Every structure is written in C-alpha cells, then in structure tokens.
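These notes are about the structure you will find just below.
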Amino acid sequence: MNGAPRRISAVTVFGFAVVAALVLLRFAALFVDTDPALVTDTPMLGPSGAHLLGTDPLGRDLLARMIASSEAFFFPGLFACALAVLLAVPAGAAIGYWPEARASAAIRATLTIVAAWPRLVLVVVVVAIFTASVSDPAAFAEVRLFLLGGLVGLSFVPQMAHALAERVLFFRREQFVEAARAHGLSDGRILGFHILWANCRNLVLRQVCTLFGAWLLVETSLSYLGHYGVPAPRPSWGNILADVRFAVINTRRLLIPESWTPGGVVDAIALAVNEGGALAVAAPTVAIAVSITGVLALGEHFARREEGW
Amino acid sequence: MTAAHLLARRALALAGVVLVSSIVFGGMLWFAPGSSAIHDQADSFPGWVVFFWTGVATWDLGPSYRGIGVVDLVAKGAARTLPMVFGALALSLSTGLVLALAFGDRLRGLGRAARALVHATSLVPVFLLGYLALVVFAVPPEGWQQTLAAVVILALGDGMLTDVVLVLDAELRELQDRDFVQSVRLRGGPVALRLAPHIALPAAQLAAGKMTFLVGGVLILEKVLGIQGIGLMGYQAAVQPDFPLLIAITVFATALVAATHLSVDVLRVMVDPRVRKDRRTEVRA
Amino acid sequence: MVSDPILRAEDVWVRVTPRGATEPVAVVRGASFSIPRGSQTCVVGESGSGKTILMRSILGISSARSGVTGGQAWFQPGGASQARAVLGPSGRRRRRPLARLRKGWAGYVFQHPQEALDPFRTVGAQVLDSVRVARGGESREAQQAKMLEWLDAVRLPDPRGVARLHPHELSGGMAQRAAIATALGTEPEFLVADEPTTGLDWSVRREIVELLGALCRERGMTLVLISHDFQVVERMAERVIVMYRGELLEDGPRKRFFPGPGRHPYTAELQTRVRDLEEGRAGTGQGAIVAPERTEGCRFVHRCPQVVHACKTGMPPDVVVNNGHRVRCHVVHRKDA
C-alpha cells in the first residue's frame with residue numbers, strides 16, 4: 001500500500017536471518033581451529049564442554065564439521081547463481097524484447113532442450129563423463145563442486161530466462177516504453193535500465209534464491225550418496241548424515257525404545273543424545289531444512305516486492 | 001490452425017528435443033578423452049547417432065557392460081520406477097487439491113499451523129526424508145511397502161507438495177472470484193463440476209513442470225532406499241561407468257519429460273476451445 | 001417508505017481486505033434502502049463508490065476478500081407471506097445467502113460479458129444450464145426449445161448457430177446478449193445488471209439497455225441497474241439511489257432527479273457534469289476521488305461546494321425530505337428543519 005509504512009513480515013525476517021547465518025557460518029569456517037578432518041577423540045560421544053555437539057563415528061568434532069560444511073556449498077552456490085544470471089538475463093531479455101527475431105527463436109529452442117534435461121540426471125551424467133575422462137582424479141575432485149554448481153546453474157537458465165522474458169514482454173507493451181522510445185531513448189537504455197533494472201530486479205533476485213535452494217538440495221543429496229559430492233574427508237551436511245547412518249541404524253535406540261512408556265521414551269531420547277547419535281542426525285537435518293526454507297523465504301520476500309505488496 | 005495440426009507440430013518439436021539431447025550427451029561421451037567405451041559401437045560420431053536411433057527403433061541397443069541388453073535393462077527399471085513417479089504425481093496433486101480447498105478460506109489457529117507443517121515437511125529434500133524413514137524403521141522396506149514409502153516421500157519432498165498447494169490454491173482463489181463461477185453459484189449450479197476443467201489445466205501443467213524434479217528425486221531415493229529401479233541403475237551406470245546404459249537412461253528420462261509436456265498439450269486441446277479452432281464470427285449484434 | 005419491497009436492506013456494512021493488507025477497509029458504510037417490487041431502480045455513483053460490491057454482497061457473489069460485517073437484508077419473494085433474511089443479524093456471515101430461496105430466484109448481468117461466460121463451454125450449454133434450474137422437470141426437448149427461445153428473446157441472430165459457438169467466438173454485444181440469456185434462463189424475479197454496457201461499443205449500448213428494460217417489463221421482473229452513466233439512468237430509472245465512497249447519499253423516485261437537479265450537492269454535481277459533457281464543455285468536477293478512510297465529517301466534504309461547519313464534524317443524518325425521498329446532507333437538513 002502506497003504511503004503507509006510497509007509491514008515487515010515474518011517471512012522477510014526469517015529469510016534475511018537465515019541468509020545472514022549462512023554468511024556468518026562461511027566466515028566462521030575460516031576460523032575453525034579444530035581441523036575438521038582430524039581424529040580428535042572417541043567416536044560417537046555425546047555433547048560435552050570439549051565437543052559441544054559431540055563427535056561423529058570417526059571421533060571428529062561434530063560442531064567443527066557442521067561449520068566447515070559451509071565451504072561445500074557457499075562459493076559453488078554463488079558460482080551457480082552468477083552463471084545462471086549471466087546466461088539467463090541476456091537470453092530472457094532478448095526473447096522478451098525482440099520476440100519475433102530469428103535469434104530469439106534459436107534461443108527459445110535451446111532453452112526448450114535444456115529444460116527437458118532433468119537437473120540431477122544432467123549433473124550425474126556430466127560429472128560421470130568428466131570423472132571417467134580426466135587424467136588426475138584427485139585434482140578434479142577439488143573443482144568438482146564448482147562443476148556441479150555450474151551445471152545446476154545451467155539447468156536453471158531456462159526457468160529464469162522464461163520468467164524474465166514474460167516480464168520483459170509485458171513491459172515492452174507498456175505505455176512508458178512507448179513514451180521512452182518517442183523521447184529517443186535507445187533500446188539498450190530502455191531495456192537495460194527502465195525494464196531490467198527498474199522493474200525486473202526483484203524477479204531475478206527471487207529466481208536466484210530459488211536456485212540457491214535447489215543447489216543446497218543437489219549438493220547435500222550428492223554428498224550424501226558419496227560419489228559425486230564433496231570429496232571424502234571434507235565435510236558436508238549430506239555426508240555427515242551418511243557417516244552416522246550405520247551407527248544410528250544399528251543401535252536403533254534413537255527412536256524405538258525398549259518400552260513405549262513415557263519414561264522409556266524419555267530414557268531412550270536421553271540415551272540417544274548422550275551417545276551422540278541423535279545430535280548427529282538432528283543437527284544436519286535441521287541445518288539443511290532451515291537453510292533451504294530460509295533461502296526460499298527470502299525468495300518469497302522478493303516475490304512480494306515484485307508483486308508490489 | 002486445427003487441433004491435429006497443432007499437436008503434430010508440438011510432437012515434432014518434442015521429438016527434436018529428444019534427438020538433440022541424445023546427440024549432445026552422446027557427443028560429450030564420444031569426444032571426451034579417455035572414454036573409448038562407445039567408440040566400439042560405431043566408426044564415427046554421426047555413425048554412432050544413426051546406430052543409437054536404429055537401436056531405439058529396433059529395440060536393440062546392444063549389451064550393457066553387465067552383459068545384459070540395454071533396452072531390456074531400461075524396460076525392467078522403468079517398470080519399477082514409473083509407477084512410483086506417476087503414483088507420486090497423483091498423490092501430491094490430489095492431496096494438494098484437498099489442501100488447497102481446505103485452505104481456501106482465511107486461516108486461523110490450527111489451520112495455519114497445519115499449513116505451516118505441510119510446507120516445512122515438504123521443503124525437506126527427498127534424500128533426507130528417505131534417510132529419516134530408514135532411521136525410524138531401521139530396515140529398508142520391501143515390496144509394496146517400498147513402493148508406497150517411495151510414493152509418499154516423492155510426493156512430499158523437494159518442495160513438491162508445497163508447490164502444488166501454492167499453485168492450486170492461487171488458481172482456485174482466482175477462479176472462485178471469476179464472474180462465470182459466481183454466476184453458476186448464483187443460480188445454484190454445480191460449481192465444482194464447472195471448476196474442474198479450469199483447474200485441471202494448470203494442475204497438468206504443474207505436473208509436467210514437476211516431472212524433471214521427480215526424475216531427479218527418484219534417482220536419489222532409489223539409491224537411498226535401495227530400490228532396483230531405473231534411477232539406481234542410472235546412478236550405478238554413472239559410477240561404474242557403463243556408458244551405453246547411461247546414455248539410454250538419459251535419453252529415456254528426457255523422453256519421459258517431453259512426453260509429459262506433450263500430454264499437457266493434448267489435454268489443453270481437449271479442454272480449451274480457444275486453442276482448438278480459430279474461426280471468429282464477426283457478426284455485429 | 002416503499003409499500004411492497006422485494007428487497008429491504010438495513011445498515012449494511014461491507015469490508016474488503018486488500019491484498020497484502022491486514023486490516024479490512026469499509027467500502028459500504030451502513031447502507032439502508034428498499035427496492036419496490038417490479039420497479040426499475042438505478043444505483044448511481046462513480047467507480048469505487050461501493051455500488052457493485054453492495055449488490056454483490058447481498059446476493060452472496062462477492063469476492064472472498066470481502067465480507068458483510070454488519071446490517072441485515074431481506075428478500076420478499078412474490079406470493080410469499082414472509083420475508084427471507086439473506087444477511088445478518090449483524091456480523092454473522094452467511095456463506096450462501098440465497099440458499100433458502102428458490103434456485104435461480106435472482107439473476108445477475110455482469111459488467112464484462114466475456115468474463116461472465118465459461119470460456120470452455122458453448123453458449124447453448126450455458127443457457128441450457130440456466131433453463132434446467134427453472135424447468136428441471138421438463139423433457140430434454142422442451143428445455144432445448146426453451147433455450148433457443150431465450151437466445152431469440154435477447155435478439156441474437158440465428159439462435160441455433162449461436163448456441164453452438166463458444167464465448168470467444170462472439171463479439172462483445174453478442175456475448176452480452178448471451179450472458180443476459182443465461183441470467184434470464186433461470187426465470188428470476190429479481191435481476192441486477194452491473195454496468196452491462198461498459199465493455200461495449202457506443203453503438204450497441206442503447207440497444208442492450210433497452211432490451212433489458214423491455215424484457216424486465218414484459219416479465220414483471222424487478223431490475224436493479226448499476227450505472228455511472230446518467231443518460232442511461234434518465235432513460236431507465238423509476239427510482240434512483242446515489243452512492244459516494246461507500247455512503248448512500250440520496251434515494252428517491254424518478255421525478256426528484258429528472259429534470260433535476262437532485263437535492264444532494266453530489267447528485268447535482270454529477271448531473272451538471274453530464275450536461276457539460278453533452279454540451280461539449282470541459283468537466284467542472286472538483287478533483288479526483290479521495291482514498292476511502294480517514295475522515296471525520298461528511299464523506300463528500302472534500303468536494304462539496306456548499307460546506308457548512310457541521311459538515312466537518314460528522315456524517316449527516318438520513319433526512320426524509322419528501323414522501324419516499326431521502327437525502328443525507330447537513331445543508332438540506334438545515335433548510336428543511
């Protein structure tokens with residue numbers, strides 16, 4: 001509503017808080033003094049003063065690994081976003097502003113083909129081909145996350161470009177564009193400033209948030225499966241879960257107590273927490289769920305700005 | 001433009017998409033250094049493309065590295081996977097519709113909490129839901145339970161249900177306020193019956209858009225739960241690597257997505273007369 | 001007031017929650033009026049005056065974002081000894097206000113004909129739907145014949161051909177005729193026409209309005225015509241209701257408005273502007289509509305040429321200046337008192 005001060009919604013607060021937390025986490029990862037790869041203590045300890053979240057099945061400090069996990073997704077994710085924006089914005093702007101042009105038809109056909117590739121299938125196939133063909137697998141493991149990020153970004157280009165094109169086409173037919181042309185403004189200035197910057201900013205930001213959420217999903221999923229995600233000793237929220245899987249499933253004390261009395265359940269939970277299993281499952285689960293939800297909430301914030309709430 | 005004309009054009013475009021996809025992925029394999037694998041199948045790259053498509057047409061793509069025919073493997077995997085994919089689509093669309101209807105009015109208290117719960121659960125990745133199911137039940141499910149678990153998880157995870165609810169809810173709200181619906185309501189006609197085709201179209205469109213996500217989700221979930229479907233097969237083919245099988249599965253997945261889009265077009269032509277024919281009678285009233 | 005009303009409304013309040021806002025805004029502020037049976041009543045006011053949402057709320061076909069938050073309304077079907085409450089008592093929201101009346105008892109002609117028809121179904125099927133509501137017991141052939149009869153009654157050329165067309169194949173005027181046929185097909189006693197000519201070419205406006213009037217007179221229907229067009233009002237109205245920013249300002253029989261001017265300064269201003277337009281002079285209106293809300297005194301005080309002190313402190317009371325003629329204005333009140 002014009003004039004009246006805009007009410008700050010819970011979605012906005014939550015979105016910005018989570019994104020700020022992710023940035024802080026990445027920053028903290030620079031200063032984690034415990035080497036996350038280092039075996040420091042007995043496996044599967046419960047929380048204590050020395051290890052706030054306990055240790056994992058190899059005796060590594062869980063908190064340090066949780067923090068260091070941000071390295072796995074942060075910069076590759078930003079790379080994915082940058083690549084997608086670099087490709088999608090010109091493509092979307094072109095097919096939206098010159099819908100009849102022959103080049104636009106070619107761009108549209110390309111986007112249709114890319115859109116038909118399921119994202120994870122694309123990622124897995126391409127990474128498999130690269131893995132099979134590189135001469136130095138160890139060096140490739142280092143850049144693999146960026147390759148993953150690039151592919152996820154690429155797979156997102158059609159969605160972003162189509163959303164943008166629709167908006168651009170809408171504005172192209174608006175009166176202010178006609179007026180700007182009549183005043184002798186160049187197409188570049190109209191498209192670049194008056195349409196893209198002034199009117200499509202929030203749309204692109206919203207798409208970037210959606211992309212980052214999708215990237216978090218792909219990264220943790222592949223890291224959990226183990227072959228194509230973060231290379232082994234380095235942590236990711238996905239492979240922390242994978243590491244603790246057998247320990248947790250074997251004890252089964254985590255959620256299925258011996259007796260289903262309230263006391264029994266409390267005992268089982270207490271035991272699970274003390275033995276470290278519960279936290280090792282809960283911490284990455286919550287981290288993944290909250291990060292994705294938060295990033296998408298920020299996207300929702302931009303969507304509302306876009307719609308002029 | 002007639003309906004048949006329109007559909008033929010779309011079908012042709014989709015066939016083109018599948019063809020180009022096979023050329024792109026095949027080309028990556030052919031020209032990647034160190035992968036002599038598919039070089040055994042033909043002498044040159046165009047020769048390989050011809051080999052591949054005659055193979056598809058004659059139901060014979062040669063053996064995979066496991067020694068079993070590629071086409072047979074894909075067919076076997078698809079028979080396990082497709083029911084899960086379409087089951088998940090059906091489940092999330094029907095649940096989404098019920099929830100969208102239930103959420104229709106302004107929400108208070110419990111309704112808001114329920115909605116928040118649905119969204120929060122739905123935003124969890126598929127692999128995590130599968131993992132939590134494993135942790136809770138301790139043993140991987142078998143047989144029909146396995147299929148059921150996979151259907152539920154796929155219908156829920158990766159934001160599936162959230163998106164379905166949000167889209168259908170928005171569509172329903174907009175539809176409910178439209179004048180022709182209000183006029184049916186005023187004369188006491190069957191509102192739901194009249195709404196159905198108008199909601200079916202966006203729902204189908206949504207389903208087609210979600211197909212790529214489902215294919216990705218099924219790849220992960222089959223690995224997590226150990227289901228012997230096409231997703232697990234594809235993942236193993238990628239890890240081994242078993243390139244003939246991998247290419248076949250990739251093209252199959254692309255074709256599946258393309259076919260879903262085509263069926264949406266069929267539905268649109270069936271339902272919406274504005275697409276069907278373009279004769280406009282300019283009679284002045 | 002009115003001896004035999006078909007609709008009586010008392011102190012109806014309607015509030016709308018705009019998108020993204022949390023607090024609802026009052027768009028109809030305590031409207032009280034009666035519609036005489038068999039009459040042709042015009043509700044006049046500029047856009048945003050609340051005239052459409054008032055009638056739609058009473059019929060229960062308003063948007064989900066709006067709600068009746070106060071007041072009561074009754075319909076008195078012909079031949080019934082008792083009035084049927086459709087709204088209220090105040091604050092209680094009825095989801096289907098017309099549920100207790102005969103199906104199809106009331107009809108509505110919408111502003112945009114293409115919106116009022118289902119784009120996926122043929123015109124014939126939609127009119128047939130209405131016919132079935134009124135004549136459910138009759139044979140299929142009889143219903144079919146009645147459907148064609150309605151298409152003929154709204155003067156569509158070649159009813160058989162038109163029945164097979166979809167709404168997008170019709171021109172605006174034809175679509176509005178088809179929409180009128182769907183509204184009349186249920187054989188309503190009470191018909192609301194909401195600016196039925198706005199979306200149409202000037203050449204067909206008069207025809208549509210006269211068609212509506214003629215059909216209503218023939219069948220003894222009560223017509224409520226919502227309009228901002230004083231020329232249409234002058235041709236049609238037996239009774240006029242004037243609304244401004246959610247407030248009902250003047251309500252009276254035709255002879256109090258034509259040849260004019262009306263008693264309320266706002267009605268007079270509207271009529272002056274119409275005359276100016278007709279005579280090709282530029283409008284002399286006193287500025288645009290003001291945001292609805294935040295005002296102490298009379299709703300019209302921002303634009304009124306005859307402001308007295310009382311206007312700035314409170315909404316004037318309803319004054320009956322004559323038999324069946326009410327005006328809400330401090331100035332009129334003072335003169336009469």
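Chain labels follow the order of the structure tokens: the first chain is A, the next B, and so on; residue numbering restarts at 1 in every chain, and ligands are counted from 1 in their shown order.
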Shell of 6 Å around region 245-255 of chain B, only C-alpha atoms, local chain residues under 5 positions omitted, as a CSV table (one decimal) with all heavy atoms, in the first residue's frame:
chain,number,residue,atom,x,y,z
A,116,ALA,N,14.4,-29.8,-20.9
A,116,ALA,CA,13.9,-31.2,-20.9
A,116,ALA,C,14.9,-32.1,-20.2
A,116,ALA,O,14.5,-33.2,-19.9
A,116,ALA,CB,13.7,-31.6,-22.3
A,117,TRP,N,16.1,-31.6,-19.8
A,117,TRP,CA,17.0,-32.4,-19.1
A,117,TRP,C,16.7,-32.4,-17.6
A,117,TRP,O,16.9,-31.3,-17.0
A,117,TRP,CB,18.5,-32.0,-19.4
A,117,TRP,CG,18.9,-32.1,-20.8
A,117,TRP,CD1,18.3,-32.9,-21.8
A,117,TRP,CD2,19.9,-31.4,-21.5
A,117,TRP,NE1,18.9,-32.7,-23.0
A,117,TRP,CE2,19.9,-31.8,-22.8
A,117,TRP,CE3,20.8,-30.4,-21.1
A,117,TRP,CZ2,20.8,-31.3,-23.8
A,117,TRP,CZ3,21.7,-29.9,-22.0
A,117,TRP,CH2,21.7,-30.3,-23.3
B,18,VAL,N,14.3,-34.6,-28.0
B,18,VAL,CA,14.9,-35.9,-27.6
B,18,VAL,C,16.1,-36.2,-28.5
B,18,VAL,O,17.2,-36.6,-28.0
B,18,VAL,CB,13.8,-37.0,-27.7
B,18,VAL,CG1,14.5,-38.3,-27.3
B,18,VAL,CG2,12.7,-36.7,-26.7
B,22,SER,N,20.0,-36.5,-27.3
B,22,SER,CA,20.9,-37.7,-27.5
B,22,SER,C,22.2,-37.4,-28.2
B,22,SER,O,23.2,-37.9,-27.8
B,22,SER,CB,20.1,-38.8,-28.3
B,22,SER,OG,20.0,-38.4,-29.6
B,64,SER,N,24.8,-53.9,-22.3
B,64,SER,CA,25.5,-53.0,-21.4
B,64,SER,C,26.7,-53.7,-20.9
B,64,SER,O,27.0,-54.9,-21.3
B,64,SER,CB,24.6,-52.6,-20.2
B,64,SER,OG,24.8,-53.5,-19.1
B,70,VAL,N,20.7,-53.5,-23.2
B,70,VAL,CA,20.5,-52.2,-22.6
B,70,VAL,C,19.0,-51.9,-22.6
B,70,VAL,O,18.4,-51.5,-21.5
B,70,VAL,CB,21.2,-51.1,-23.4
B,70,VAL,CG1,20.6,-49.8,-23.1
B,70,VAL,CG2,22.7,-51.2,-23.1
B,234,GLY,N,20.8,-46.1,-13.2
B,234,GLY,CA,21.5,-44.9,-13.9
B,234,GLY,C,22.6,-44.5,-13.0
B,234,GLY,O,23.7,-44.2,-13.5
B,237,ALA,N,25.3,-47.0,-13.3
B,237,ALA,CA,25.9,-46.9,-14.6
B,237,ALA,C,26.9,-45.7,-14.7
B,237,ALA,O,27.9,-45.8,-15.3
B,237,ALA,CB,24.8,-46.7,-15.7
Legend entry - Spatial neighbours of Ser104 (chain A), 12 Å, only C-alpha atoms, chain gap at least 2 places, as a list in words: Pro90, Ala91, Gly92, Ala93, Ala94, Ile95, Gly96, Tyr97, Trp98, Pro99, Glu100, Ala101, Arg102, Ala106, Ile107, Arg108, Ala109, Thr110, Leu111, Ala161, His162 and Ala165 of chain A
Return as CSV the residues of chain B lying at most 7 Å from chain A, together with the closest atom-to-atom pair for each and the distance in Å to one decimal, counting only C-alpha atoms, with rows in chain order and ascending residue number.
residue,atom,partner,partner_atom,distance
B:Val17,CA,A:Ile113,CA,5.2
B:Ser21,CA,A:Ile113,CA,6.9
B:Leu29,CA,A:Ile129,CA,6.5
B:Ala32,CA,A:Ser133,CA,6.2
B:Pro33,CA,A:Ser133,CA,5.3
B:Gly34,CA,A:Ser133,CA,4.7
B:Ser35,CA,A:Ser133,CA,6.0
B:Leu123,CA,A:Thr293,CA,6.4
B:Val124,CA,A:Ala289,CA,5.3
B:Pro125,CA,A:Leu217,CA,6.0
B:Phe127,CA,A:Ser221,CA,6.0
B:Val135,CA,A:Ile249,CA,5.7
B:Val136,CA,A:Leu255,CA,6.2
B:Ala138,CA,A:Ile249,CA,5.3
B:Thr212,CA,A:Pro118,CA,4.4
B:Phe213,CA,A:Pro118,CA,6.5
B:Val215,CA,A:Pro118,CA,6.4
B:Gly216,CA,A:Leu120,CA,4.8
B:Ala238,CA,A:Ala128,CA,5.3
B:Val239,CA,A:Ala128,CA,6.5
B:Thr250,CA,A:Val121,CA,6.8
B:Thr254,CA,A:Trp117,CA,5.6
B:Val257,CA,A:Ala116,CA,6.1
B:Ala258,CA,A:Ala116,CA,6.4
Could you save those same residues with all heavy atoms as a compact mmCIF listing (two decimals), in the first residue's frame?
# COMPACT_ATOMS: atom_id res chain seq x y z
N VAL B 17 13.61 -32.36 -29.55
CA VAL B 17 14.29 -32.18 -28.27
C VAL B 17 15.00 -33.47 -27.86
O VAL B 17 16.17 -33.47 -27.45
CB VAL B 17 13.27 -31.75 -27.18
CG1 VAL B 17 13.89 -31.87 -25.81
CG2 VAL B 17 12.79 -30.35 -27.44
N SER B 21 19.01 -33.97 -27.60
CA SER B 21 19.56 -34.38 -26.31
C SER B 21 20.48 -35.57 -26.49
O SER B 21 21.57 -35.62 -25.91
CB SER B 21 18.44 -34.73 -25.34
OG SER B 21 17.59 -33.64 -25.19
N LEU B 29 30.20 -37.87 -24.69
CA LEU B 29 30.88 -39.13 -24.45
C LEU B 29 31.89 -39.42 -25.55
O LEU B 29 33.01 -39.86 -25.30
CB LEU B 29 29.85 -40.26 -24.44
CG LEU B 29 29.29 -40.62 -23.09
CD1 LEU B 29 28.47 -41.87 -23.20
CD2 LEU B 29 30.39 -40.78 -22.08
N ALA B 32 34.84 -36.91 -25.33
CA ALA B 32 35.58 -36.84 -24.08
C ALA B 32 36.79 -37.75 -24.18
O ALA B 32 36.68 -38.88 -24.65
CB ALA B 32 34.69 -37.27 -22.93
N PRO B 33 37.97 -37.24 -23.75
CA PRO B 33 39.15 -38.09 -23.83
C PRO B 33 39.03 -39.25 -22.84
O PRO B 33 38.43 -39.11 -21.78
CB PRO B 33 40.29 -37.14 -23.43
CG PRO B 33 39.64 -36.06 -22.64
CD PRO B 33 38.26 -35.90 -23.21
N GLY B 34 39.54 -40.38 -23.22
CA GLY B 34 39.60 -41.50 -22.28
C GLY B 34 38.35 -42.33 -22.22
O GLY B 34 38.29 -43.30 -21.48
N SER B 35 37.31 -41.98 -22.97
CA SER B 35 36.13 -42.83 -22.91
C SER B 35 35.98 -43.54 -24.25
O SER B 35 35.19 -43.17 -25.09
CB SER B 35 34.88 -42.02 -22.61
OG SER B 35 34.63 -41.15 -23.67
N LEU B 123 9.55 -28.98 2.38
CA LEU B 123 10.77 -28.34 1.91
C LEU B 123 12.01 -29.16 2.21
O LEU B 123 13.11 -28.80 1.81
CB LEU B 123 10.89 -26.93 2.52
CG LEU B 123 9.92 -25.94 1.89
CD1 LEU B 123 9.88 -24.65 2.66
CD2 LEU B 123 10.32 -25.67 0.45
N VAL B 124 11.84 -30.29 2.90
CA VAL B 124 12.97 -31.16 3.19
C VAL B 124 13.30 -31.96 1.93
O VAL B 124 12.40 -32.41 1.24
CB VAL B 124 12.61 -32.10 4.36
CG1 VAL B 124 13.71 -33.10 4.59
CG2 VAL B 124 12.35 -31.28 5.61
N PRO B 125 14.61 -32.10 1.61
CA PRO B 125 14.97 -32.86 0.41
C PRO B 125 14.51 -34.32 0.49
O PRO B 125 14.39 -34.88 1.57
CB PRO B 125 16.50 -32.80 0.40
CG PRO B 125 16.86 -31.67 1.27
CD PRO B 125 15.77 -31.49 2.26
N PHE B 127 16.13 -37.00 -0.28
CA PHE B 127 17.09 -37.94 0.30
C PHE B 127 17.00 -37.94 1.82
O PHE B 127 17.13 -38.96 2.48
CB PHE B 127 18.51 -37.63 -0.18
CG PHE B 127 19.29 -36.71 0.71
CD1 PHE B 127 20.04 -37.22 1.75
CD2 PHE B 127 19.27 -35.33 0.52
CE1 PHE B 127 20.76 -36.37 2.59
CE2 PHE B 127 19.97 -34.49 1.35
CZ PHE B 127 20.73 -35.02 2.39
N VAL B 135 16.01 -44.35 9.26
CA VAL B 135 16.38 -44.27 10.68
C VAL B 135 15.21 -44.71 11.55
O VAL B 135 15.36 -45.47 12.50
CB VAL B 135 16.81 -42.84 11.04
CG1 VAL B 135 16.95 -42.69 12.54
CG2 VAL B 135 18.12 -42.50 10.36
N VAL B 136 14.01 -44.29 11.18
CA VAL B 136 12.85 -44.61 12.02
C VAL B 136 12.51 -46.09 11.92
O VAL B 136 12.29 -46.76 12.93
CB VAL B 136 11.64 -43.76 11.59
CG1 VAL B 136 10.39 -44.23 12.30
CG2 VAL B 136 11.90 -42.30 11.91
N ALA B 138 14.45 -48.47 10.65
CA ALA B 138 15.66 -49.24 10.87
C ALA B 138 15.98 -50.24 9.77
O ALA B 138 17.13 -50.53 9.51
CB ALA B 138 15.62 -49.96 12.21
N THR B 212 10.62 -33.14 -14.17
CA THR B 212 12.08 -33.18 -14.13
C THR B 212 12.57 -33.34 -12.69
O THR B 212 13.52 -34.05 -12.43
CB THR B 212 12.71 -31.91 -14.72
OG1 THR B 212 12.29 -30.81 -13.93
CG2 THR B 212 12.30 -31.69 -16.14
N PHE B 213 11.87 -32.70 -11.77
CA PHE B 213 12.26 -32.81 -10.36
C PHE B 213 12.02 -34.23 -9.85
O PHE B 213 12.82 -34.77 -9.10
CB PHE B 213 11.47 -31.82 -9.51
CG PHE B 213 11.83 -30.40 -9.79
CD1 PHE B 213 11.19 -29.72 -10.81
CD2 PHE B 213 12.80 -29.75 -9.07
CE1 PHE B 213 11.52 -28.42 -11.10
CE2 PHE B 213 13.14 -28.45 -9.35
CZ PHE B 213 12.50 -27.78 -10.37
N VAL B 215 12.02 -36.98 -11.60
CA VAL B 215 13.01 -37.89 -12.15
C VAL B 215 14.31 -37.79 -11.35
O VAL B 215 14.93 -38.80 -11.01
CB VAL B 215 13.24 -37.57 -13.65
CG1 VAL B 215 14.44 -38.31 -14.18
CG2 VAL B 215 12.01 -37.94 -14.45
N GLY B 216 14.70 -36.55 -11.01
CA GLY B 216 15.88 -36.38 -10.17
C GLY B 216 15.70 -36.98 -8.79
O GLY B 216 16.58 -37.67 -8.27
N ALA B 238 26.54 -44.62 -13.96
CA ALA B 238 27.41 -43.45 -13.95
C ALA B 238 28.67 -43.72 -13.15
O ALA B 238 29.77 -43.31 -13.53
CB ALA B 238 26.67 -42.25 -13.38
N VAL B 239 28.54 -44.46 -12.04
CA VAL B 239 29.69 -44.68 -11.17
C VAL B 239 30.66 -45.67 -11.79
O VAL B 239 31.87 -45.51 -11.72
CB VAL B 239 29.22 -45.15 -9.78
CG1 VAL B 239 30.40 -45.55 -8.93
CG2 VAL B 239 28.42 -44.05 -9.10
N THR B 250 19.56 -41.71 -19.94
CA THR B 250 19.44 -40.27 -20.08
C THR B 250 18.39 -39.91 -21.12
O THR B 250 17.52 -39.07 -20.90
CB THR B 250 20.79 -39.66 -20.50
OG1 THR B 250 21.78 -40.12 -19.61
CG2 THR B 250 20.73 -38.16 -20.48
N THR B 254 14.80 -37.96 -20.63
CA THR B 254 14.42 -36.78 -21.41
C THR B 254 13.11 -37.01 -22.15
O THR B 254 12.22 -36.14 -22.18
CB THR B 254 15.53 -36.44 -22.42
OG1 THR B 254 16.78 -36.46 -21.74
CG2 THR B 254 15.32 -35.09 -23.04
N VAL B 257 10.12 -36.75 -19.82
CA VAL B 257 9.74 -35.36 -19.55
C VAL B 257 9.02 -34.77 -20.75
O VAL B 257 7.96 -34.13 -20.62
CB VAL B 257 11.00 -34.53 -19.21
CG1 VAL B 257 10.64 -33.06 -19.09
CG2 VAL B 257 11.62 -35.02 -17.92
N ALA B 258 9.58 -35.03 -21.95
CA ALA B 258 8.98 -34.47 -23.16
C ALA B 258 7.56 -35.01 -23.37
O ALA B 258 6.65 -34.26 -23.74
CB ALA B 258 9.86 -34.80 -24.37
Inset, instruction - Write out as a PyMOL selection string every residue belonging to chain C that has an atom at most 6 Å from any atom of chain B, counting only C-alpha atoms. - result: chain C and resi 61+63+103-104+115-118+120+169+173-174
Inset, instruction - Show which residues sit within 8 Å of Tyr266 (chain C), as a PyMOL selection string. Count only C-alpha atoms, and ignore same-chain residues fewer than 3 positions away. - result: chain C and resi 269-270+300+304
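Counting only C-alpha atoms and comparing B:Ala88, B:Leu12, B:Leu175, B:Leu134, the residue that lies closest to Leu214 (chain B) is B:Ala88.
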Inset, instruction - Please identify which residues in region 40-282 of chain A DSSP calls helix (DSSP H, G or I) from the backbone, and express them as a ChimeraX atom specification. - result: /A:62-68,70-97,102-115,119-133,137-172,175-182,187-225,237-251,262-274,277-282
Using only C-alpha atoms, I'd like a table of the residues in chain C that come within 10 Å of chain A; for each, show the closest atom pair and its distance in Å rounded to one decimal, ordered by chain and ascending number, as a tab-separated table.
residue	atom	partner	partner_atom	distance
C:Pro18	CA	A:Met1	CA	8.9
C:Arg19	CA	A:Trp309	CA	7.1
C:Gly20	CA	A:Trp309	CA	5.3
C:Ala21	CA	A:Met1	CA	7.6
C:Thr22	CA	A:Arg7	CA	9.4
Using only C-alpha atoms, determine which residues lie at most 9 Å from Asp318 (chain C), disregarding the query and same-chain residues fewer than 6 positions distant; provide the list as a PDB file with C-alpha atoms, in the first residue's frame.
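What landed in part_23.pdb:
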ATOM      1  CA  LEU C 249     -26.341   9.877  -0.178  1.00  0.00           C
ATOM      2  CA  GLU C 250     -29.704  10.147  -1.866  1.00  0.00           C
ATOM      3  CA  ARG C 326     -34.220  10.657   1.466  1.00  0.00           C
ATOM      4  CA  VAL C 327     -31.085  12.825   1.431  1.00  0.00           C
ATOM      5  CA  ARG C 328     -28.050  12.739   3.690  1.00  0.00           C
ATOM      6  CA  CYS C 329     -26.804  16.307   3.805  1.00  0.00           C
ATOM      7  CA  HIS C 333     -31.294  19.035   6.695  1.00  0.00           C
TER       8      HIS C 333
END
Inset, instruction - To one decimal in Å, tell me the separation between CA of Leu256 (chain B) and CA of Leu221 (chain B). - result: 18.1 Å
